[in-house]
>>> print(open('query.cif').read())   # mmCIF, C-alpha atoms
data_coords
loop_
_atom_site.label_atom_id
_atom_site.label_comp_id
_atom_site.auth_asym_id
_atom_site.auth_seq_id
_atom_site.Cartn_x
_atom_site.Cartn_y
_atom_site.Cartn_z
CA MET T 780 21.51 97.31 55.46
CA THR T 781 21.50 94.86 52.58
CA PHE T 782 23.40 95.07 49.34
CA HIS T 783 21.46 92.76 47.04
CA PRO T 784 22.80 90.92 45.20
CA LEU T 785 26.17 92.45 46.09
CA THR T 786 26.25 91.66 49.79
CA ARG T 787 29.72 93.20 50.18
CA LEU T 788 32.38 95.08 48.31
CA ALA T 789 35.57 93.76 49.90
CA SER T 790 36.12 92.21 47.42
CA ILE T 791 33.47 94.36 45.91
CA LEU T 792 32.54 96.75 48.75
CA ILE T 793 32.65 95.35 52.29
CA LEU T 794 30.75 97.07 55.02
CA THR T 795 33.57 97.00 57.53
CA PHE T 796 31.67 98.25 60.48
CA THR T 797 28.49 100.05 61.37
CA LEU T 798 28.21 102.05 64.54
CA ALA T 799 25.07 100.56 65.97
CA LEU T 800 23.33 103.81 66.63
CA PRO T 801 19.58 104.31 66.24
CA ALA T 802 19.75 107.80 64.76
CA ARG T 803 22.85 107.78 62.62
CA ALA T 804 25.64 105.37 61.77
CA VAL T 805 29.14 105.64 60.40
CA GLN T 806 29.73 102.91 57.86
CA LEU T 807 32.94 102.09 56.07
CA LEU T 808 32.95 100.68 52.56
CA ARG T 809 35.93 98.37 52.27
CA ASP T 810 37.16 97.24 48.88
CA ALA T 811 40.70 96.13 48.03
CA ASP T 812 40.55 97.54 44.50
CA MET T 813 39.15 100.91 45.51
CA GLU T 814 41.52 101.33 48.45
CA TYR T 815 44.50 100.47 46.26
CA ALA T 816 43.34 103.06 43.72
CA LEU T 817 42.99 105.70 46.44
CA ALA T 818 46.42 104.77 47.77
CA GLN T 819 47.95 105.41 44.35
CA ILE T 820 46.25 108.80 44.20
CA ALA T 821 47.29 109.69 47.76
CA ALA T 822 50.89 108.43 47.63
CA PRO T 823 52.58 111.59 46.26
CA VAL T 824 50.66 113.80 48.70
CA LEU T 825 51.47 111.66 51.72
CA LYS T 826 55.13 111.49 50.73
CA ALA T 827 55.27 115.28 50.48
CA ALA T 828 53.62 115.49 53.93
CA GLY T 829 56.26 113.20 55.43
CA LEU T 830 53.69 110.48 56.11
CA SER T 831 53.98 106.81 55.24
CA ALA T 832 51.99 105.96 52.13
CA THR T 833 51.80 102.33 53.26
CA ARG T 834 50.68 103.04 56.84
CA THR T 835 48.23 105.89 56.16
CA LYS T 836 45.07 104.39 54.69
CA ILE T 837 42.46 106.27 52.67
CA LEU T 838 39.09 104.82 53.71
CA VAL T 839 35.64 105.48 52.29
CA VAL T 840 32.60 106.25 54.44
CA ASN T 841 29.24 105.17 53.06
CA ASP T 842 27.61 108.59 53.29
CA GLY T 843 26.24 110.82 50.55
CA THR T 844 27.12 114.07 52.29
CA LEU T 845 30.26 116.06 51.59
CA ASN T 846 32.77 115.31 54.31
CA ALA T 847 36.31 114.18 55.05
CA PHE T 848 37.99 113.76 58.43
CA VAL T 849 40.70 112.08 60.47
CA VAL T 850 40.28 110.33 63.84
CA SER T 851 43.74 108.80 64.12
CA ASN T 852 47.19 109.29 62.66
CA ASP T 853 47.00 106.29 60.34
CA ALA T 854 43.86 106.87 58.27
CA ILE T 855 42.00 109.56 56.33
CA TYR T 856 38.25 109.09 55.90
CA ILE T 857 36.40 110.46 52.86
CA ASN T 858 32.65 110.27 52.34
CA SER T 859 31.47 108.49 49.22
CA GLY T 860 29.30 111.51 48.43
CA LEU T 861 32.37 113.73 48.26
CA ILE T 862 34.18 111.35 45.90
CA GLY T 863 31.08 111.30 43.73
CA ARG T 864 31.25 115.08 43.36
CA MET T 865 34.91 115.08 42.34
CA ASN T 866 35.75 115.65 38.69
CA ASN T 867 39.42 114.69 38.69
CA ALA T 868 42.23 113.22 40.73
CA ALA T 869 43.62 116.64 41.67
CA MET T 870 40.42 117.51 43.57
CA LEU T 871 40.63 114.31 45.57
CA GLN T 872 44.33 114.89 46.19
CA ALA T 873 43.50 118.36 47.53
CA VAL T 874 41.14 116.89 50.14
CA ILE T 875 43.73 114.28 51.09
CA ALA T 876 46.42 116.98 51.32
CA HIS T 877 44.27 119.06 53.68
CA GLU T 878 43.50 116.12 55.98
CA ALA T 879 47.12 114.91 55.82
CA ALA T 880 48.14 118.36 57.01
CA HIS T 881 46.01 117.93 60.14
CA ILE T 882 48.01 114.77 60.89
CA ALA T 883 51.41 116.19 59.94
CA ASN T 884 50.81 119.40 61.90
CA GLY T 885 49.86 117.52 65.08
CA HIS T 886 46.22 118.63 65.21
CA ILE T 887 44.84 115.10 65.63
CA THR T 888 47.26 114.04 68.36
CA ARG T 889 45.89 116.75 70.64
CA ARG T 890 42.32 115.62 70.06
CA MET T 891 42.88 111.97 70.91
CA THR T 892 43.46 112.61 74.64
CA ASN T 893 39.91 111.93 75.82
CA LEU T 894 39.37 108.91 73.58
CA GLY T 895 42.56 106.93 74.16
CA ASN T 896 44.26 105.07 71.36
CA ALA T 897 42.07 105.09 68.25
CA ARG T 898 44.31 102.43 66.72
CA THR T 899 42.55 99.77 68.81
CA ALA T 900 39.17 98.32 67.89
CA ALA T 901 37.48 99.90 70.91
CA GLY T 902 39.23 103.23 70.50
CA LEU T 903 38.38 103.45 66.83
CA GLY T 904 34.74 102.55 67.47
CA LEU T 905 34.41 105.32 70.06
CA ALA T 906 36.24 107.84 67.88
CA LEU T 907 33.93 107.18 64.96
CA ALA T 908 30.94 107.59 67.27
CA VAL T 909 32.08 111.17 67.79
CA VAL T 910 32.08 111.63 64.04
CA ALA T 911 28.50 110.35 63.97
CA ALA T 912 27.59 112.95 66.58
CA ALA T 913 29.33 115.72 64.66
CA ALA T 914 27.49 114.73 61.49
CA GLY T 915 24.11 114.97 63.17
CA GLY T 916 23.74 111.89 65.36
CA GLY T 917 24.54 113.49 68.71
CA GLU T 918 21.82 111.72 70.67
CA ALA T 919 22.74 108.40 69.11
CA ALA T 920 26.42 108.80 69.90
CA GLY T 921 25.50 109.54 73.49
CA ALA T 922 23.69 106.21 73.61
CA ILE T 923 26.99 104.34 73.45
CA ALA T 924 28.56 106.31 76.25
CA ILE T 925 30.90 108.49 74.29
CA GLY T 926 30.31 111.17 76.87
CA THR T 927 28.62 114.53 76.49
CA GLN T 928 28.16 115.44 72.87
CA SER T 929 29.53 118.95 73.25
CA SER T 930 32.74 118.02 75.04
CA ALA T 931 33.45 115.06 72.77
CA ILE T 932 33.04 117.06 69.61
CA ARG T 933 34.93 120.06 70.97
CA SER T 934 37.86 117.89 72.00
CA PHE T 935 38.01 115.83 68.84
CA LEU T 936 36.57 117.55 65.79
CA SER T 937 36.60 121.25 66.55
CA HIS T 938 38.81 122.80 63.92
CA THR T 939 39.97 126.30 64.75
CA ARG T 940 40.44 128.83 62.00
CA ALA T 941 44.14 128.87 62.78
CA GLU T 942 44.32 125.10 62.27
CA GLU T 943 42.33 125.31 59.04
CA SER T 944 44.55 128.05 57.68
CA SER T 945 47.59 126.00 58.62
CA ALA T 946 46.14 122.90 56.94
CA ASP T 947 45.31 124.89 53.81
CA GLN T 948 48.82 126.28 53.53
CA SER T 949 50.50 122.97 54.29
CA GLY T 950 48.19 121.09 51.94
CA ALA T 951 48.95 123.51 49.13
CA ARG T 952 52.68 123.06 49.73
CA PHE T 953 52.29 119.29 49.68
CA MET T 954 50.46 119.47 46.36
CA ARG T 955 53.02 121.76 44.80
CA SER T 956 55.87 119.58 46.03
CA ALA T 957 54.17 116.54 44.48
CA GLY T 958 53.64 118.32 41.16
CA ILE T 959 49.84 118.37 41.51
CA PRO T 960 48.05 121.40 40.03
CA LEU T 961 46.61 123.64 42.74
CA SER T 962 43.53 124.10 40.60
CA GLY T 963 42.27 120.95 42.33
CA MET T 964 42.26 122.70 45.72
CA ILE T 965 40.57 125.75 44.26
CA GLU T 966 37.84 123.58 42.73
CA VAL T 967 37.25 121.92 46.11
CA MET T 968 37.02 125.28 47.86
CA GLN T 969 34.50 126.44 45.28
CA LEU T 970 32.50 123.25 45.76
CA PHE T 971 32.15 123.90 49.49
CA ARG T 972 31.74 127.66 49.14
CA GLY T 973 28.19 127.17 47.91
CA GLN T 974 27.38 125.33 51.14
CA GLU T 975 27.99 128.41 53.26
CA VAL T 976 24.80 130.12 52.11
CA LEU T 977 22.69 127.19 53.36
CA SER T 978 21.23 126.93 56.84
CA ALA T 979 23.26 124.93 59.37
CA ALA T 980 20.75 122.06 59.18
CA ARG T 981 21.22 121.75 55.41
CA GLN T 982 24.99 122.13 55.32
CA ASP T 983 27.18 119.09 54.80
CA PRO T 984 29.31 118.01 57.77
CA TYR T 985 32.55 119.25 56.22
CA VAL T 986 31.28 122.81 56.27
CA ARG T 987 30.28 122.57 59.93
CA SER T 988 33.62 121.14 61.05
CA HIS T 989 35.85 122.88 58.48
CA PRO T 990 34.80 126.55 58.47
CA LEU T 991 35.29 127.61 54.86
CA SER T 992 35.31 131.26 53.89
CA ARG T 993 35.81 133.59 50.98
CA ASP T 994 39.09 134.69 52.53
CA ARG T 995 40.43 131.13 52.57
CA LEU T 996 39.54 130.67 48.92
CA ARG T 997 41.30 133.91 48.07
CA ALA T 998 44.35 132.84 50.04
CA ILE T 999 44.63 129.62 48.06
CA GLN T 1000 44.11 131.47 44.78
CA ALA T 1001 46.86 133.90 45.74
CA TYR T 1002 49.21 131.08 46.65
CA ALA T 1003 48.44 129.30 43.39
CA ALA T 1004 49.19 132.46 41.43
CA SER T 1005 52.52 132.95 43.21
CA ALA T 1006 53.41 129.29 42.74
CA GLN T 1007 53.00 129.32 38.97
CA GLY T 1008 55.90 127.84 37.09
CA GLY T 1009 56.42 124.89 39.41
CA THR T 1010 56.92 121.38 38.10
CA VAL T 1011 53.68 119.62 37.20
CA ALA T 1012 53.82 115.83 37.28
CA ASN T 1013 52.37 113.57 34.62
CA SER T 1014 48.93 112.81 36.02
CA ALA T 1015 48.00 109.96 33.65
CA THR T 1016 48.45 107.33 36.36
CA TRP T 1017 46.44 109.30 38.88
CA ASP T 1018 43.67 109.88 36.33
CA TYR T 1019 43.41 106.13 35.67
CA TRP T 1020 43.13 105.20 39.33
CA PHE T 1021 40.65 108.02 39.94
CA ALA T 1022 38.46 106.70 37.12
CA ARG T 1023 38.72 103.23 38.56
CA ALA T 1024 37.88 104.20 42.14
CA LYS T 1025 34.99 106.47 41.21
CA GLY T 1026 33.79 104.02 38.56
CA LYS T 1027 33.61 101.16 41.02
CA LEU T 1028 31.97 103.26 43.69
CA THR T 1029 29.24 104.54 41.36
CA ALA T 1030 28.68 101.07 39.90
CA TYR T 1031 28.02 99.87 43.42
CA GLN T 1032 25.87 102.77 44.60
CA ARG T 1033 23.92 103.63 41.46
CA ARG T 1034 21.23 101.55 39.79
CA PRO T 1035 22.56 98.94 37.35
CA SER T 1036 20.68 100.63 34.51
CA TRP T 1037 22.44 103.93 35.30
CA THR T 1038 25.83 102.21 35.12
CA LEU T 1039 25.07 100.28 31.93
CA ASN T 1040 23.93 103.46 30.20
CA ARG T 1041 27.22 105.19 31.08
CA LEU T 1042 29.85 102.56 30.36
CA GLY T 1043 31.22 104.81 27.65
CA ASP T 1044 32.07 107.42 30.28
CA SER T 1045 34.44 105.05 32.10
CA GLY T 1046 37.51 106.37 30.28
CA TYR T 1047 39.31 103.03 30.10
CA LYS T 1048 38.31 99.70 28.52
CA ASP T 1049 39.02 97.57 31.57
CA VAL T 1050 37.21 99.99 33.89
CA ALA T 1051 34.15 99.86 31.64
CA LEU T 1052 34.22 96.05 31.67
CA MET T 1053 34.60 95.99 35.46
CA ARG T 1054 31.61 98.29 35.86
CA GLU T 1055 29.58 96.21 33.41
CA ALA T 1056 30.39 93.06 35.38
CA MET T 1057 29.15 94.67 38.58
CA ALA T 1058 25.94 95.92 36.97
CA ARG T 1059 25.24 92.57 35.30
CA HIS T 1060 25.82 90.76 38.57
CA ARG T 1061 23.44 93.07 40.41
CA ASN T 1062 20.85 92.28 37.73
CA SER T 1063 21.42 88.54 38.37
CA GLN T 1064 22.89 88.11 34.88
CA THR T 1065 25.67 85.84 36.08
CA LYS T 1066 26.92 84.57 32.71
CA ARG T 1067 27.15 88.09 31.27
CA ALA T 1068 28.82 89.34 34.47
CA LEU T 1069 31.47 86.61 34.33
CA SER T 1070 32.01 87.26 30.64
CA ALA T 1071 32.61 90.96 31.31
CA ILE T 1072 35.05 90.38 34.16
CA ASP T 1073 36.91 87.75 32.14
CA LYS T 1074 37.36 90.34 29.39
CA ALA T 1075 38.68 92.82 31.97
CA ILE T 1076 41.14 90.19 33.17
CA ALA T 1077 42.24 89.65 29.57
CA VAL T 1078 43.05 93.37 29.37
CA GLN T 1079 44.85 93.33 32.75
CA PRO T 1080 45.96 89.70 33.27
CA ASN T 1081 48.13 90.49 36.32
CA ASP T 1082 45.51 92.56 38.11
CA PRO T 1083 44.62 90.86 41.44
CA PHE T 1084 41.52 92.96 42.00
CA TYR T 1085 39.67 91.83 38.87
CA ARG T 1086 40.28 88.22 39.92
CA ASP T 1087 38.97 89.16 43.36
CA LEU T 1088 35.84 90.60 41.78
CA LYS T 1089 35.37 87.40 39.78
CA GLY T 1090 35.71 85.45 43.03
CA GLN T 1091 33.06 87.67 44.59
CA ILE T 1092 30.62 87.06 41.76
CA LEU T 1093 31.21 83.31 42.00
CA MET T 1094 30.90 83.44 45.79
CA GLU T 1095 27.56 85.22 45.68
CA THR T 1096 26.21 82.75 43.13
CA ARG T 1097 27.22 79.89 45.46
CA GLN T 1098 30.03 78.57 43.28
CA PHE T 1099 32.29 78.31 46.32
CA ALA T 1100 35.10 76.11 44.99
CA ALA T 1101 35.50 78.27 41.89
CA ALA T 1102 35.36 81.39 44.07
CA ALA T 1103 38.16 80.07 46.26
CA ASN T 1104 40.29 79.34 43.19
CA SER T 1105 39.80 82.85 41.81
CA SER T 1106 40.49 84.44 45.20
CA ALA T 1107 43.61 82.29 45.58
CA ARG T 1108 44.99 83.72 42.33
CA ALA T 1109 44.24 87.24 43.58
CA VAL T 1110 46.14 86.57 46.81
CA LYS T 1111 49.06 85.05 44.91
CA LEU T 1112 49.35 88.24 42.87
CA ARG T 1113 49.11 90.48 45.98
CA PRO T 1114 49.81 88.43 49.13
CA ASN T 1115 50.02 91.30 51.62
CA ASP T 1116 46.57 92.76 51.04
CA GLY T 1117 44.36 92.14 54.07
CA LEU T 1118 41.08 92.50 52.19
CA LEU T 1119 42.13 90.04 49.50
CA GLN T 1120 43.21 87.61 52.21
CA ALA T 1121 39.84 88.06 53.90
CA GLY T 1122 37.99 87.32 50.67
CA TYR T 1123 40.05 84.18 50.16
CA GLY T 1124 39.40 83.04 53.73
CA ARG T 1125 35.69 83.70 53.31
CA ALA T 1126 35.52 81.58 50.15
CA LEU T 1127 37.42 78.76 51.85
CA LEU T 1128 35.07 78.92 54.84
CA ALA T 1129 32.02 78.82 52.57
CA SER T 1130 33.43 75.80 50.74
CA GLY T 1131 33.84 73.96 54.06
CA ASN T 1132 37.64 74.08 54.21
CA VAL T 1133 37.85 75.50 57.72
CA SER T 1134 41.44 74.34 58.34
CA ALA T 1135 42.66 76.47 55.41
CA ALA T 1136 40.24 79.34 56.08
CA LEU T 1137 41.45 79.95 59.64
CA PRO T 1138 45.08 80.89 58.83
CA ALA T 1139 43.97 82.99 55.84
CA LEU T 1140 41.55 84.96 58.02
CA GLU T 1141 44.09 85.32 60.84
CA ARG T 1142 46.59 86.69 58.35
CA ALA T 1143 43.96 89.14 57.12
CA ARG T 1144 43.36 90.29 60.71
CA SER T 1145 47.07 90.76 61.32
CA ILE T 1146 47.27 93.02 58.27
CA ASP T 1147 44.09 95.04 58.85
CA PHE T 1148 41.93 94.77 61.99
CA ARG T 1149 39.31 97.24 60.71
CA ASP T 1150 37.47 94.69 58.56
CA GLY T 1151 34.37 93.76 60.53
CA SER T 1152 33.19 91.25 57.94
CA MET T 1153 36.50 89.40 58.25
CA LEU T 1154 36.17 89.38 62.05
CA ARG T 1155 32.74 87.81 61.78
CA ASP T 1156 34.09 85.08 59.49
CA LEU T 1157 37.08 84.53 61.76
CA SER T 1158 34.87 84.04 64.82
CA VAL T 1159 32.79 81.51 62.89
CA ALA T 1160 35.95 79.65 61.86
CA TYR T 1161 37.16 79.45 65.48
CA ALA T 1162 33.73 78.30 66.65
CA ARG T 1163 33.72 75.52 64.05
CA THR T 1164 37.07 74.28 65.34
CA GLY T 1165 35.74 74.25 68.91
CA ASN T 1166 37.90 77.16 70.10
CA ASN T 1167 35.15 79.11 71.87
CA GLY T 1168 37.58 81.36 73.71
CA MET T 1169 39.01 82.78 70.48
CA ALA T 1170 35.54 82.95 68.94
CA SER T 1171 34.39 85.11 71.88
CA LEU T 1172 37.51 87.30 71.68
CA ILE T 1173 37.07 88.01 67.96
CA THR T 1174 33.36 88.69 68.49
CA ALA T 1175 34.20 91.13 71.31
CA GLU T 1176 36.65 92.96 69.05
CA ARG T 1177 34.08 93.13 66.25
CA TYR T 1178 31.46 94.63 68.57
CA ALA T 1179 34.00 97.10 69.98
CA LEU T 1180 34.93 98.16 66.47
CA SER T 1181 31.28 98.85 65.74
CA GLY T 1182 30.80 100.86 68.94
CA ARG T 1183 28.55 98.25 70.57
CA MET T 1184 30.42 98.40 73.85
CA LYS T 1185 27.89 96.56 76.01
CA ASP T 1186 27.89 93.55 73.68
CA ALA T 1187 31.68 93.78 73.40
CA GLY T 1188 31.97 93.60 77.17
CA ILE T 1189 29.80 90.49 77.42
CA HIS T 1190 31.94 88.57 74.92
CA ALA T 1191 35.24 89.95 76.27
CA LYS T 1192 34.34 88.76 79.78
CA ARG T 1193 33.48 85.33 78.40
CA ALA T 1194 36.78 85.24 76.50
CA THR T 1195 38.87 86.07 79.57
CA GLY T 1196 37.31 83.11 81.34
CA LEU T 1197 38.11 80.73 78.49
CA LEU T 1198 41.58 81.88 77.44
CA GLY T 1199 44.79 81.29 79.34
CA GLU T 1200 45.46 84.21 81.69
CA GLY T 1201 48.42 86.32 80.65
CA THR T 1202 48.49 85.04 77.07
CA GLY T 1203 48.32 87.42 74.10
CA PRO T 1204 44.67 86.63 73.26
CA TRP T 1205 43.69 86.97 76.95
CA GLN T 1206 45.35 90.40 77.05
CA ARG T 1207 43.43 91.49 73.96
CA ALA T 1208 40.16 90.43 75.58
CA HIS T 1209 41.18 92.22 78.80
CA ASP T 1210 41.89 95.42 76.86
CA VAL T 1211 38.41 95.34 75.33
CA LEU T 1212 36.88 94.68 78.74
CA LEU T 1213 38.69 97.69 80.23
CA ALA T 1214 37.50 99.89 77.37
CA THR T 1215 33.89 98.82 77.90
CA GLU T 1216 34.15 99.51 81.62
CA ARG T 1217 35.52 103.00 80.94
CA ALA T 1218 32.68 103.62 78.51
CA GLU T 1219 30.13 102.54 81.11
CA LYS T 1220 31.64 104.86 83.73
CA THR T 1221 31.52 107.74 81.25
CA LYS T 1222 27.88 106.98 80.55
CA LYS T 1223 27.00 107.12 84.24
CA ARG T 1224 28.68 110.52 84.59
CA ARG T 1225 26.55 112.05 81.85
#
>>> encode(input="query.cif", output="structure tokens")
Amino acid sequence: MTFHPLTRLASILILTFTLALPARAVQLLRDADMEYALAQIAAPVLKAAGLSATRTKILVVNDGTLNAFVVSNDAIYINSGLIGRMNNAAMLQAVIAHEAAHIANGHITRRMTNLGNARTAAGLGLALAVVAAAAGGGEAAGAIAIGTQSSAIRSFLSHTRAEESSADQSGARFMRSAGIPLSGMIEVMQLFRGQEVLSAARQDPYVRSHPLSRDRLRAIQAYAASAQGGTVANSATWDYWFARAKGKLTAYQRRPSWTLNRLGDSGYKDVALMREAMARHRNSQTKRALSAIDKAIAVQPNDPFYRDLKGQILMETRQFAAAANSSARAVKLRPNDGLLQAGYGRALLASGNVSAALPALERARSIDFRDGSMLRDLSVAYARTGNNGMASLITAERYALSGRMKDAGIHAKRATGLLGEGTGPWQRAHDVLLATERAEKTKKRR
């Protein structure tokens, strides 16, 4: 899949990984700005749920259908199509609250038994393959040895009505505790209620895995009525970050002309300028794109993400030295952001400064291993320094993350032969190799 002329969004949207399945794929859209915005929106909900707002990521799936899900205890996945249908931050917070409840109530822990640890590259790749099957790619998911479609989905994504009721009630409590109006949850329920009248083939995945009903909607409405009078927080901050996240996502996914015609709907001057910069860049109007992002930076001079976006525009117009400088300023403003670090390392690599790119990319990996684009760059950097063992290890982890277990096994086996036995990198390669062997055994039992 190509994003021309925006080849990524991570640092505009980065395609972190694609499950290499012929029928259906699960793709993550990674962007430092958008993920920070979603983190700001999710923070009060996660805190109310007793979850760490820094450890629980909100990640976006590049899929137009209405869906949200969890496959591990440290991330909530929301389809881009669902975000596009949201009208306000409270609706998005309601979805996050519901999925956070599945984590807080222990529902996910029970489903991870057959898949192992989804926190590893291999485990996460296999877990997301199950999601692909649940969303309609059952035959494809079977192709990468996830096991029988029915047992995998039953063990991992089958939500009982008792669990859903529990998640609804807990999610509503989290929202009330955070001072978020429960009208957001009601609006979400009404959005999905219309799906129930459709045939199973036409329903969005959320409806198939989260059985919605008129009774559940009534239960939430009753709870909202009884909870009237609670403290409602000032939502101005949440509204800003919602406008920013949705604005960036639509500027990426919609035609540039659509975005340019709706800049006035952005709600905030800097968000409008950011969206204009993206649209101009996609139309190959580099000077106008840089002018727009410079104006956004003037409005928000300490914003690392606008400097990251400028670096991306410069990077994709082959102004590598200038891109590295802009990305360096972004990293200086926010040094612990893995995606910003990855963008900086990528610009350094493109400019030929491999010795500086390697530590930047390794730091990015240590912060966030889910970034497949970063892993590709890191393997290239190791190869250019002559460290073929590490290059093979990183490539194996990238393939495992994408669910390509056979390819992961080939590179993991090569890495174990090149790396010192018993060392940390060797152990990582060995772990991937074991995961690929388990996947192959599962495939043969099908």
>>> closest_residue(input="query.cif", among="T:Lys1185, T:Lys836, T:Arg1054, T:Lys1025", to="T:Asn866", atoms="only C-alpha atoms")
T:Lys1025
>>> resolve_selection(input="query.cif", expression="the PyMOL selection byres ((chain T and resi 948) around 12)", output="number ranges by chain")
T: 828, 873, 876-881, 884, 941-947, 949-955, 961, 964, 995-996, 998-1003
>>> residues_around(input="query.cif", residues="stretch 1193-1196 of chain T", least_positions_apart="6", cutoff="7 Å", atoms="all atoms listed in the file", output="list in words")
Gly1168, Met1169, Ser1171, Leu1172, Trp1205, Ala1208 and His1209 of chain T
>>> residues_near_point(input="query.cif", point="(48.8, 91.2, 36.2)", cutoff="12 Å", atoms="only C-alpha atoms", output="PyMOL selection string")
chain T and resi 1075-1086+1108-1113
>>> atom_distance(input="query.cif", atom1="atom CA of T:Leu970", atom2="atom CA of T:Ala1051")
27.4 Å
>>> closest_residue(input="query.cif", among="T:Leu830, T:Ala1162, T:Gly1151, T:Ala1004", to="T:Leu807", atoms="all atoms listed in the file")
T:Gly1151
>>> closest_residue(input="query.cif", among="T:Leu1198, T:Ala1135, T:Leu825, T:Leu861", to="T:Thr1029", atoms="all atoms listed in the file")
T:Leu861
>>> resolve_selection(input="query.cif", expression="the PyMOL selection byres ((chain T and resi 1124) around 9)", output="PyMOL selection string")
chain T and resi 1103+1106+1119-1123+1125-1129+1133+1135-1141+1143+1153+1156-1157
>>> resolve_selection(input="query.cif", expression="the PyMOL selection byres ((chain T and resi 820) around 9)", output="VMD selection string")
chain T and resid 815 to 819 821 to 824 868 to 869 871 to 872 1016 to 1018 1020 to 1021
>>> write_last_selection(input="query.cif", atoms="C-alpha atoms", output="PDB file, in the coordinates of the input")
ATOM      1  CA  TYR T 815      44.500 100.470  46.260  1.00  0.00           C
ATOM      2  CA  ALA T 816      43.340 103.060  43.720  1.00  0.00           C
ATOM      3  CA  LEU T 817      42.990 105.700  46.440  1.00  0.00           C
ATOM      4  CA  ALA T 818      46.420 104.770  47.770  1.00  0.00           C
ATOM      5  CA  GLN T 819      47.950 105.410  44.350  1.00  0.00           C
ATOM      6  CA  ALA T 821      47.290 109.690  47.760  1.00  0.00           C
ATOM      7  CA  ALA T 822      50.890 108.430  47.630  1.00  0.00           C
ATOM      8  CA  PRO T 823      52.580 111.590  46.260  1.00  0.00           C
ATOM      9  CA  VAL T 824      50.660 113.800  48.700  1.00  0.00           C
ATOM     10  CA  ALA T 868      42.230 113.220  40.730  1.00  0.00           C
ATOM     11  CA  ALA T 869      43.620 116.640  41.670  1.00  0.00           C
ATOM     12  CA  LEU T 871      40.630 114.310  45.570  1.00  0.00           C
ATOM     13  CA  GLN T 872      44.330 114.890  46.190  1.00  0.00           C
ATOM     14  CA  THR T1016      48.450 107.330  36.360  1.00  0.00           C
ATOM     15  CA  TRP T1017      46.440 109.300  38.880  1.00  0.00           C
ATOM     16  CA  ASP T1018      43.670 109.880  36.330  1.00  0.00           C
ATOM     17  CA  TRP T1020      43.130 105.200  39.330  1.00  0.00           C
ATOM     18  CA  PHE T1021      40.650 108.020  39.940  1.00  0.00           C
TER      19      PHE T1021
END
>>> atom_distance(input="query.cif", atom1="atom CA of T:Lys1089", atom2="atom CA of T:Thr833")
26.0 Å
>>> closest_residue(input="query.cif", among="T:Met813, T:Ile959, T:Gly829, T:Tyr1047", to="T:Asp1087", atoms="all atoms listed in the file")
T:Met813
>>> atom_distance(input="query.cif", atom1="atom CA of T:Asp842", atom2="atom CA of T:Asn1115")
28.4 Å
>>> axis_aligned_box(input="query.cif", around="stretch 824-830 of chain T", padding_each_side="5 Å", output="JSON")
{"center_x": 53.5, "center_y": 113.0, "center_z": 52.4, "size_x": 15.6, "size_y": 15.0, "size_z": 17.4}
>>> closest_residue(input="query.cif", among="T:Leu1118, T:Ala854, T:Val1159, T:His1190", to="T:Arg1142", atoms="only C-alpha atoms")
T:Leu1118
>>> residues_around(input="query.cif", residues="T:Ser859", least_positions_apart="4", cutoff="9 Å", atoms="all atoms listed in the file", output="ChimeraX atom specification")
/T:808,839-846,863-864,1025,1028
>>> closest_residue(input="query.cif", among="T:Gly1026, T:Asn1040, T:Ala1006, T:Ala1191", to="T:Gln1206", atoms="all atoms listed in the file")
T:Ala1191
